[in-house]
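Novice: Next up, data14.txt (compact mmCIF, C-alpha atoms).
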# COMPACT_ATOMS: atom_id res chain seq x y z
CA MET X 1 16.21 29.64 -0.43
CA GLU X 2 16.84 27.86 2.83
CA ARG X 3 17.55 24.13 2.57
CA LEU X 4 14.60 23.20 4.77
CA ASP X 5 12.27 25.26 2.53
CA GLN X 6 13.65 23.52 -0.53
CA LEU X 7 13.12 20.05 0.94
CA THR X 8 9.69 21.05 2.23
CA ARG X 9 8.64 22.04 -1.27
CA GLY X 10 9.96 18.74 -2.54
CA LEU X 11 7.91 16.97 0.12
CA LEU X 12 4.72 18.87 -0.73
CA ASP X 13 5.32 18.07 -4.39
CA ARG X 14 5.61 14.40 -3.60
CA LEU X 15 2.51 14.38 -1.40
CA GLU X 16 0.52 16.08 -4.16
CA ARG X 17 1.63 13.48 -6.67
CA ASP X 18 0.88 10.65 -4.27
CA ALA X 19 -2.60 12.13 -3.71
CA ASP X 20 -3.50 11.36 -7.34
CA GLY X 21 -5.94 8.46 -7.08
CA HIS X 22 -5.49 8.27 -3.31
CA PRO X 23 -8.95 8.16 -1.69
CA PHE X 24 -9.31 11.15 0.63
CA SER X 25 -10.54 10.60 4.15
CA ALA X 26 -10.84 13.27 6.84
CA SER X 27 -11.50 10.91 9.73
CA ASP X 28 -9.31 11.67 12.74
CA ALA X 29 -7.95 8.14 12.92
CA HIS X 30 -6.90 8.25 9.29
CA LEU X 31 -5.39 11.74 9.47
CA ASP X 32 -3.25 10.62 12.40
CA GLU X 33 -1.38 8.23 10.15
CA CYS X 34 -1.73 9.55 6.56
CA LEU X 35 0.36 12.57 5.60
CA ILE X 36 -1.20 12.70 2.12
CA CYS X 37 -4.68 13.20 3.51
CA LEU X 38 -3.49 15.49 6.31
CA ASN X 39 -1.82 17.74 3.74
CA ARG X 40 -5.02 17.84 1.71
CA PHE X 41 -7.10 18.34 4.85
CA VAL X 42 -5.02 21.39 5.80
CA GLU X 43 -5.52 22.79 2.30
CA LEU X 44 -9.27 22.20 2.32
CA ARG X 45 -9.68 23.69 5.79
CA ASP X 46 -7.82 26.77 4.58
CA VAL X 47 -10.07 27.03 1.51
CA ARG X 48 -13.16 26.51 3.63
CA HIS X 49 -12.12 29.39 5.90
CA GLY X 50 -11.61 31.58 2.86
CA VAL X 51 -14.90 30.58 1.26
CA ALA X 52 -16.82 31.15 4.52
CA GLU X 53 -15.90 34.84 4.36
CA PRO X 54 -14.72 35.40 0.82
CA ALA X 55 -12.81 38.56 0.09
CA GLN X 56 -14.34 41.17 -2.18
CA VAL X 57 -13.85 40.03 -5.76
CA SER X 58 -11.14 42.14 -7.34
CA PRO X 59 -12.55 44.63 -9.88
CA ARG X 60 -10.13 43.31 -12.49
CA LEU X 61 -11.41 39.77 -12.06
CA ALA X 62 -15.06 40.85 -12.02
CA ARG X 63 -14.53 42.86 -15.20
CA ARG X 64 -12.91 39.86 -16.89
CA LEU X 65 -15.88 37.65 -16.03
CA GLU X 66 -18.37 40.18 -17.38
CA LEU X 67 -16.35 40.38 -20.58
CA LEU X 68 -16.50 36.61 -20.85
CA LEU X 69 -20.23 36.54 -20.14
CA GLY X 70 -20.76 39.11 -22.85
CA ARG X 71 -19.60 36.53 -25.34
CA ALA X 72 -21.45 33.40 -26.36
CA PRO X 73 -21.62 31.02 -23.39
CA ALA X 74 -19.33 28.07 -23.31
CA GLU X 75 -20.62 25.23 -25.40
CA THR X 76 -22.09 22.36 -23.49
CA ARG X 77 -20.57 18.92 -23.92
CA PRO X 78 -23.30 17.58 -26.26
CA ALA X 79 -23.08 20.75 -28.36
CA ARG X 80 -19.32 20.35 -28.67
CA LEU X 81 -19.78 16.70 -29.66
CA VAL X 82 -22.31 17.63 -32.34
CA ALA X 83 -20.03 20.39 -33.61
CA SER X 84 -17.01 18.09 -33.80
CA VAL X 85 -19.02 15.43 -35.68
CA ARG X 86 -20.31 18.10 -38.04
CA ARG X 87 -16.78 19.35 -38.63
CA ALA X 88 -15.57 15.80 -39.27
CA LEU X 89 -18.34 15.15 -41.79
CA ARG X 90 -18.10 18.50 -43.52
CA VAL X 91 -17.23 18.16 -47.20
CA ARG X 92 -14.45 20.48 -48.21
CA ILE X 93 -15.06 22.00 -51.64
CA PRO X 94 -12.25 23.96 -53.30
CA ALA X 95 -12.92 27.60 -54.09
CA TRP X 96 -12.50 27.05 -57.84
CA ALA X 97 -15.23 24.39 -57.77
CA VAL X 98 -17.61 26.75 -55.97
CA ALA X 99 -16.88 29.48 -58.52
CA GLY X 100 -17.47 27.01 -61.38
CA MET X 101 -20.76 25.84 -59.91
CA ALA X 102 -21.92 29.44 -59.46
CA ALA X 103 -21.04 30.27 -63.09
CA GLY X 104 -22.85 27.13 -64.26
CA LEU X 105 -25.92 28.08 -62.28
CA VAL X 106 -25.97 31.57 -63.79
CA LEU X 107 -25.62 30.08 -67.30
CA PHE X 108 -28.37 27.56 -66.68
CA THR X 109 -30.70 30.26 -65.36
CA TRP X 110 -30.03 32.43 -68.43
CA VAL X 111 -30.65 29.54 -70.84
CA ALA X 112 -33.82 28.58 -69.01
CA THR X 113 -35.21 32.11 -69.09
CA GLN X 114 -34.32 32.55 -72.77
CA HIS X 115 -35.43 29.24 -74.23
CA LEU X 116 -38.11 27.81 -72.05
CA GLN X 117 -41.63 28.98 -72.64
CA TRP X 118 -43.48 29.66 -69.44
CA PRO X 119 -47.25 29.75 -69.45
CA VAL X 120 -48.68 33.19 -68.86
CA ALA X 121 -51.02 31.78 -66.24
CA GLY X 122 -49.87 28.64 -64.51
CA VAL X 123 -53.31 27.37 -63.83
CA GLU X 124 -56.53 27.90 -65.68
CA TRP X 125 -58.88 29.43 -63.16
CA PRO X 126 -60.99 28.05 -61.66
CA ALA X 127 -58.79 25.02 -61.93
CA PRO X 128 -60.58 22.13 -63.52
CA GLY X 129 -61.07 19.36 -61.00
CA PRO X 130 -62.43 15.89 -61.33
CA ALA X 131 -65.59 16.85 -59.54
CA GLY X 132 -66.49 19.69 -61.85
CA PRO X 133 -66.04 23.47 -62.05
CA ASP X 134 -68.54 24.37 -59.32
CA ARG X 135 -66.18 23.35 -56.54
CA LEU X 136 -64.84 26.93 -56.38
CA ARG X 137 -67.59 29.45 -56.28
CA PRO X 138 -66.96 33.02 -57.47
CA ALA X 139 -66.44 35.61 -54.75
CA HIS X 140 -65.95 39.37 -54.44
CA ARG X 141 -62.49 39.41 -55.99
CA GLN X 142 -61.33 37.83 -59.13
CA ASN X 143 -58.71 35.60 -57.59
CA THR X 144 -60.59 34.95 -54.42
CA ARG X 145 -62.71 31.87 -54.10
CA THR X 146 -64.81 30.50 -51.30
CA VAL X 147 -64.61 26.86 -50.42
CA SER X 148 -66.59 24.84 -47.91
CA GLY X 149 -65.54 21.68 -46.21
CA ILE X 150 -64.28 19.94 -43.10
CA VAL X 151 -60.96 20.89 -41.52
CA SER X 152 -58.81 17.77 -41.56
CA SER X 153 -55.70 19.19 -39.89
CA VAL X 154 -54.22 22.39 -38.49
CA ARG X 155 -50.43 22.65 -38.52
CA ASP X 156 -48.39 25.40 -36.91
CA ALA X 157 -46.33 27.45 -39.35
CA THR X 158 -45.07 30.15 -36.97
CA SER X 159 -41.80 31.61 -38.12
CA ASN X 160 -39.55 34.29 -36.64
CA GLY X 161 -42.21 35.10 -34.07
CA VAL X 162 -44.92 35.65 -36.68
CA GLU X 163 -47.82 33.36 -35.88
CA ALA X 164 -49.24 31.41 -38.78
CA HIS X 165 -50.68 27.99 -39.51
CA VAL X 166 -51.69 25.79 -42.42
CA LEU X 167 -55.24 24.49 -42.65
CA SER X 168 -55.93 21.31 -44.51
CA LEU X 169 -59.52 21.19 -45.76
CA LYS X 170 -61.55 18.57 -47.60
CA ASP X 171 -64.67 19.43 -49.46
CA ALA X 172 -67.63 17.23 -50.32
CA SER X 173 -65.99 16.05 -53.56
CA GLY X 174 -62.90 14.85 -51.72
CA ALA X 175 -60.63 17.63 -53.06
CA THR X 176 -57.98 18.82 -50.63
CA TYR X 177 -57.12 22.47 -49.94
CA LEU X 178 -53.88 23.43 -48.24
CA LEU X 179 -54.37 26.97 -47.03
CA PHE X 180 -51.82 29.21 -45.35
CA THR X 181 -53.29 31.44 -42.64
CA TRP X 182 -51.77 34.19 -40.48
CA GLY X 183 -52.52 34.36 -36.77
CA ARG X 184 -53.56 31.66 -34.35
CA PRO X 185 -55.89 28.91 -35.47
CA THR X 186 -59.59 29.70 -34.89
CA VAL X 187 -60.82 26.31 -36.04
CA ARG X 188 -59.99 22.76 -35.11
CA PRO X 189 -59.85 19.51 -37.05
CA GLY X 190 -63.39 18.29 -37.67
CA ASP X 191 -64.91 21.78 -37.86
CA ALA X 192 -67.14 22.58 -40.85
CA VAL X 193 -65.96 25.87 -42.34
CA GLU X 194 -66.32 28.29 -45.21
CA ILE X 195 -63.07 29.85 -46.28
CA ASP X 196 -62.31 32.77 -48.56
CA ALA X 197 -58.87 32.30 -50.03
CA LEU X 198 -56.55 33.48 -52.76
CA PHE X 199 -55.60 30.34 -54.61
CA ALA X 200 -52.05 30.36 -55.85
CA ALA X 201 -51.59 26.92 -57.30
CA ALA X 202 -53.36 23.71 -58.09
CA ALA X 203 -52.18 20.23 -58.86
CA PRO X 204 -54.32 19.30 -61.87
CA GLY X 205 -53.02 15.75 -62.13
CA ALA X 206 -53.86 14.81 -58.58
CA ASP X 207 -56.91 12.72 -57.98
CA PRO X 208 -58.62 13.90 -55.87
CA ALA X 209 -57.47 17.46 -56.67
CA VAL X 210 -55.17 19.43 -54.35
CA TYR X 211 -55.33 23.22 -54.20
CA GLN X 212 -53.00 25.63 -52.41
CA GLY X 213 -53.76 29.15 -51.32
CA VAL X 214 -53.76 31.89 -48.71
CA VAL X 215 -56.79 32.40 -46.47
CA THR X 216 -58.42 35.83 -46.33
CA GLU X 217 -61.33 34.88 -44.09
CA VAL X 218 -62.50 31.82 -42.17
CA ARG X 219 -66.11 31.31 -41.13
CA ARG X 220 -67.75 28.39 -39.42
CA ALA X 221 -70.30 26.80 -41.70
CA LYS X 222 -73.92 27.36 -40.64
CA MET Y 223 -22.85 25.04 -9.48
CA VAL Y 224 -20.21 23.40 -11.68
CA LYS Y 225 -22.96 21.87 -13.81
CA ARG Y 226 -24.73 25.23 -14.17
CA CYS Y 227 -21.46 26.95 -15.01
CA GLY Y 228 -20.83 24.29 -17.64
CA ASP Y 229 -24.23 25.10 -19.12
CA GLY Y 230 -23.24 28.77 -19.40
CA ASP Y 231 -25.47 30.12 -16.61
CA PRO Y 232 -24.17 33.69 -15.93
CA GLU Y 233 -25.51 33.75 -12.35
CA ALA Y 234 -23.70 30.52 -11.56
CA TRP Y 235 -20.46 32.03 -12.85
CA ARG Y 236 -20.97 35.14 -10.72
CA ALA Y 237 -21.56 32.97 -7.66
CA PHE Y 238 -18.55 30.84 -8.53
CA LEU Y 239 -16.17 33.79 -8.87
CA PRO Y 240 -15.55 34.62 -5.15
CA LEU Y 241 -14.96 30.95 -4.38
CA PHE Y 242 -12.59 30.58 -7.30
CA GLN Y 243 -10.71 33.71 -6.25
CA GLU Y 244 -10.17 32.24 -2.77
CA VAL Y 245 -8.86 28.95 -4.17
CA GLY Y 246 -6.72 30.79 -6.72
CA ARG Y 247 -5.13 33.14 -4.20
CA ARG Y 248 -4.24 30.23 -1.94
CA ALA Y 249 -2.80 28.30 -4.85
CA LEU Y 250 -0.56 31.24 -5.68
CA ARG Y 251 0.77 31.91 -2.16
CA ALA Y 252 3.97 29.97 -2.78
CA PHE Y 253 4.71 32.00 -5.93
CA ARG Y 254 5.10 35.24 -4.00
CA LEU Y 255 3.52 37.32 -6.76
CA SER Y 256 2.27 40.89 -6.57
CA PRO Y 257 -1.50 41.15 -6.04
CA ALA Y 258 -1.90 42.54 -9.57
CA ASP Y 259 0.03 39.60 -11.09
CA ALA Y 260 -1.97 37.13 -9.01
CA ASP Y 261 -5.21 38.74 -10.21
CA ASP Y 262 -4.07 38.51 -13.82
CA ILE Y 263 -3.22 34.83 -13.46
CA ILE Y 264 -6.52 34.04 -11.75
CA ALA Y 265 -8.35 35.97 -14.48
CA ASP Y 266 -6.54 33.98 -17.19
CA ALA Y 267 -7.36 30.74 -15.39
CA LEU Y 268 -10.98 31.87 -15.17
CA ALA Y 269 -11.04 32.48 -18.93
CA SER Y 270 -9.60 29.02 -19.46
CA LEU Y 271 -12.32 27.48 -17.27
CA TYR Y 272 -15.02 29.48 -19.04
CA SER Y 273 -13.83 28.48 -22.48
CA GLY Y 274 -14.19 24.80 -21.67
CA SER Y 275 -11.58 23.60 -19.15
CA LEU Y 276 -14.26 23.22 -16.50
CA ALA Y 277 -15.86 20.52 -18.65
CA HIS Y 278 -12.74 18.41 -18.03
CA PHE Y 279 -13.49 18.17 -14.32
CA ARG Y 280 -14.45 14.56 -13.71
CA GLY Y 281 -14.50 14.49 -9.92
CA GLY Y 282 -17.48 14.48 -7.63
CA THR Y 283 -16.20 15.87 -4.34
CA THR Y 284 -15.27 19.30 -3.05
CA ALA Y 285 -11.74 18.10 -2.40
CA GLU Y 286 -11.38 17.03 -6.02
CA LEU Y 287 -12.83 20.30 -7.29
CA VAL Y 288 -10.45 22.35 -5.13
CA GLY Y 289 -7.52 20.24 -6.38
CA PHE Y 290 -8.66 20.69 -9.98
CA LEU Y 291 -9.02 24.47 -9.69
CA ARG Y 292 -5.71 24.79 -7.86
CA THR Y 293 -3.95 22.86 -10.63
CA ILE Y 294 -5.48 25.09 -13.33
CA VAL Y 295 -4.30 28.23 -11.51
CA ARG Y 296 -0.84 26.90 -10.76
CA ASN Y 297 -0.27 25.69 -14.29
CA ARG Y 298 -1.22 29.13 -15.55
CA ALA Y 299 1.19 30.70 -13.06
CA ILE Y 300 3.98 28.40 -14.19
CA ASP Y 301 3.33 29.34 -17.81
CA VAL Y 302 3.49 33.04 -16.94
CA LEU Y 303 6.65 32.70 -14.89
CA LYS Y 304 8.37 30.61 -17.52
CA HIS Y 305 7.50 33.27 -20.03
CA ARG Y 306 9.17 35.83 -17.82
CA ASN Y 307 12.24 33.60 -17.27
CA ARG Y 308 11.69 33.64 -13.57
CA LEU Y 309 12.33 30.93 -11.03
CA VAL Y 310 9.44 28.49 -10.75
CA PRO Y 311 8.67 27.22 -7.24
CA THR Y 312 8.87 23.46 -7.00
CA ALA Y 313 5.92 23.30 -4.63
CA ALA Y 314 3.51 23.49 -7.52
CA PRO Y 315 1.76 20.13 -7.83
CA GLY Y 316 0.89 18.20 -10.93
CA GLU Y 317 2.73 16.53 -13.70
CA ARG Y 318 3.70 19.75 -15.42
CA VAL Y 319 6.12 20.59 -12.64
CA ALA Y 320 7.28 17.08 -11.88
CA HIS Y 321 10.56 17.76 -13.61
CA GLU Y 322 11.20 20.65 -11.28
CA SER Y 323 11.24 18.48 -8.20
CA SER Y 324 13.06 15.67 -9.95
CA ALA Y 325 15.81 18.24 -10.49
CA LEU Y 326 16.52 17.93 -6.78
CA GLY Y 327 18.66 14.89 -7.47
CA VAL Y 328 19.03 11.48 -5.88
CA ALA Y 329 20.62 12.72 -2.65
CA ASP Y 330 17.93 15.34 -2.29
CA ALA Y 331 15.23 12.75 -2.95
CA GLU Y 332 16.61 10.74 -0.04
CA CYS Y 333 16.51 13.85 2.13
CA VAL Y 334 12.91 14.51 1.09
CA GLU Y 335 12.06 10.95 2.07
CA PHE Y 336 13.83 11.42 5.37
CA LEU Y 337 11.89 14.64 5.93
CA ARG Y 338 8.69 12.80 5.17
CA GLN Y 339 9.47 10.17 7.77
CA THR Y 340 10.45 12.82 10.28
CA VAL Y 341 7.21 14.77 9.73
CA ALA Y 342 5.25 11.52 9.92
CA GLY Y 343 6.77 10.99 13.38
CA LEU Y 344 5.59 14.36 14.68
CA LYS Y 345 2.48 14.91 16.77
CA ARG Y 346 -0.64 15.60 14.71
CA GLU Y 347 -0.79 19.22 15.91
CA ASP Y 348 2.79 19.81 14.81
CA GLN Y 349 2.19 18.12 11.47
CA GLU Y 350 -0.72 20.51 10.80
CA LEU Y 351 1.42 23.45 11.89
CA TYR Y 352 4.18 22.37 9.52
CA PHE Y 353 1.84 22.00 6.54
CA MET Y 354 0.15 25.33 7.22
CA LYS Y 355 3.50 27.09 7.42
CA ALA Y 356 4.64 25.29 4.27
CA ARG Y 357 1.53 26.51 2.46
CA GLY Y 358 2.35 30.09 3.37
CA LEU Y 359 -0.42 30.72 5.90
CA LYS Y 360 0.13 33.74 8.11
CA GLU Y 361 0.24 33.37 11.87
CA ARG Y 362 -3.12 35.09 12.19
CA GLU Y 363 -4.68 32.59 9.76
CA ILE Y 364 -3.10 29.64 11.56
CA ALA Y 365 -4.49 30.93 14.86
CA GLU Y 366 -7.97 31.31 13.33
CA GLN Y 367 -7.97 27.85 11.81
CA THR Y 368 -6.51 25.92 14.74
CA GLY Y 369 -7.91 27.91 17.64
CA ARG Y 370 -4.43 28.29 19.15
CA PRO Y 371 -3.52 31.55 20.93
CA PRO Y 372 -2.04 33.86 18.29
CA GLY Y 373 0.82 34.88 20.56
CA THR Y 374 2.20 31.34 20.78
CA ILE Y 375 2.07 30.46 17.08
CA ALA Y 376 5.35 32.12 16.11
CA SER Y 377 7.34 30.44 18.87
CA GLN Y 378 5.73 27.04 18.23
CA ILE Y 379 6.66 27.27 14.55
CA ALA Y 380 10.19 28.39 15.32
CA ARG Y 381 10.73 25.46 17.72
CA LEU Y 382 9.23 22.99 15.23
CA LEU Y 383 11.38 24.14 12.33
CA GLU Y 384 14.51 24.06 14.49
CA ARG Y 385 13.79 20.45 15.42
CA LEU Y 386 13.39 19.54 11.76
CA ARG Y 387 16.61 21.36 10.86
CA ALA Y 388 18.46 19.49 13.59
CA SER Y 389 17.16 16.15 12.33
CA LEU Y 390 18.16 16.99 8.77
CA ARG Y 391 21.58 18.16 9.97
CA ASP Y 392 22.18 14.90 11.81
CA ARG Y 393 21.27 13.08 8.63
CA GLY Y 394 23.65 15.19 6.56
CA CYS Y 395 20.89 16.84 4.58
CA VAL Y 396 21.56 20.39 5.74
Can the structure in the file be given as structure tokens, please?
Specialist:
Amino acid sequence: MERLDQLTRGLLDRLERDADGHPFSASDAHLDECLICLNRFVELRDVRHGVAEPAQVSPRLARRLELLLGRAPAETRPARLVASVRRALRVRIPAWAVAGMAAGLVLFTWVATQHLQWPVAGVEWPAPGPAGPDRLRPAHRQNTRTVSGIVSSVRDATSNGVEAHVLSLKDASGATYLLFTWGRPTVRPGDAVEIDALFAAAAPGADPAVYQGVVTEVRRAK
Amino acid sequence: MVKRCGDGDPEAWRAFLPLFQEVGRRALRAFRLSPADADDIIADALASLYSGSLAHFRGGTTAELVGFLRTIVRNRAIDVLKHRNRLVPTAAPGERVAHESSALGVADAECVEFLRQTVAGLKREDQELYFMKARGLKEREIAEQTGRPPGTIASQIARLLERLRASLRDRGCV
């Protein structure tokens, strides 16, 4: 390499280092006396000329980008922060402890199924409530009951793209019914409704009573 | 565009690619690589940016962005060349190559300083010509960017470099 080339590279190196933290100005007066900014100005002008008419992107480079884009996108800064905090807080459990806990769980489940006596029917039906047995009137199917009352709330329960919601209903006795319903809500809080539902559970100790079920039909009360 | 790229917007990355290629190719001029090698290095630098390096950009101006991208590309080139046990040009900026230029020695450092003063004493047009030549621009590119007649560029550069050589010779640097 020629000596002048070698010293020139040393000079460019030095100017680049000096440019760190040096405020860039492209005013003519400044460029006349500042080699650091003139060097940077020449570089930027060169880049600007290239960017004004950019060359065709090389197929190799384009292919590499598409490969990258095929992967998960780069994490954003907040996401990385959350991930690093999560990693820092993660409790490390040895494999033997996990295996022991799994074995214990299996043993517990076996003991529970062998020795605990489960009621054949969880809830006597119609469930006895403080307001009397006529709260749930018989309907066309054995497990289906019809209840009447005022809708107190409608909460979205959509999951995995399947639309659903939970109706909360109060009847005249003050009992509460939490009823799962597929589809979009057709009633609003405050509406008087009649609902056919399959009742799956009741909380007998609650006062007023709370019943849970799945709606089969909703009608506005006449 | 940098913000959208950081958020993983594919269209922003596609729009960014031609600009990055231009900056990358200019950053690699001094390395005298084959086009295929240059493409590989730019592609590796792109992967580095995509996987999170771009988030380290703290600047707010185009000049700072160009400097940041150039440093990413050059550092990647230095890594590749070191891996191949090839000579690394000392023109590459940044702290990772600082030791290369410091290898010039004390006498050389004085000559670099003398060259700096000599270039500082040139006319502005000659200073620009010197920096463009030093960056590896071709005569056609210099003519396009300065508006000078293409036919005179070669002779102007030759005269300029001869003057610098003479100054360095008088100083005992050549």
Novice: As a VMD selection string, could you give me every residue of chain X near chain Y (at most 7 Å apart, counting all atoms listed in the file)?
Specialist: chain X and resid 3 to 4 7 to 13 16 to 17 32 35 39 42 44 47 50 to 51 54 57 61 64 69 73 to 74 76
Novice: Could you pull the residues within 12 Å of Ser159 (chain X), counting all atoms listed in the file, minus those fewer than 5 positions along the same chain, as a ChimeraX atom specification?
Specialist: /X:164-165,182-183
Novice: For a test of reading the model, state the distance in Å between CA of Ala192 (chain X) and CA of Val151 (chain X), rounded to one decimal.
Specialist: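 So the two atoms, CA of Ala192 (chain X) and CA of Val151 (chain X), lie 6.4 Å apart.
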Novice: Between CA of Thr109 (chain X) and CA of Tyr211 (chain X), what is the distance in Å, rounded to a tenth?
Specialist: 27.9 Å
Novice: Figure out the distance between CA of Asp196 (chain X) and CA of Lys170 (chain X), please, to one decimal in Å.
Specialist: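 Atom-to-atom, CA of Lys170 (chain X) to CA of Asp196 (chain X), that is 14.3 Å.
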Novice: Pick from X:Ala209, X:Val218, X:Thr158, X:Ala172: nearest to Val187 (chain X), with only C-alpha atoms counted?
Specialist: X:Val218
Novice: Check the smallest atom-to-atom distance from each of X:Leu65, X:Asp156, X:Val166, X:Arg145 to Ala234 (chain Y) using only C-alpha atoms, then report the winner.
Specialist: X:Leu65
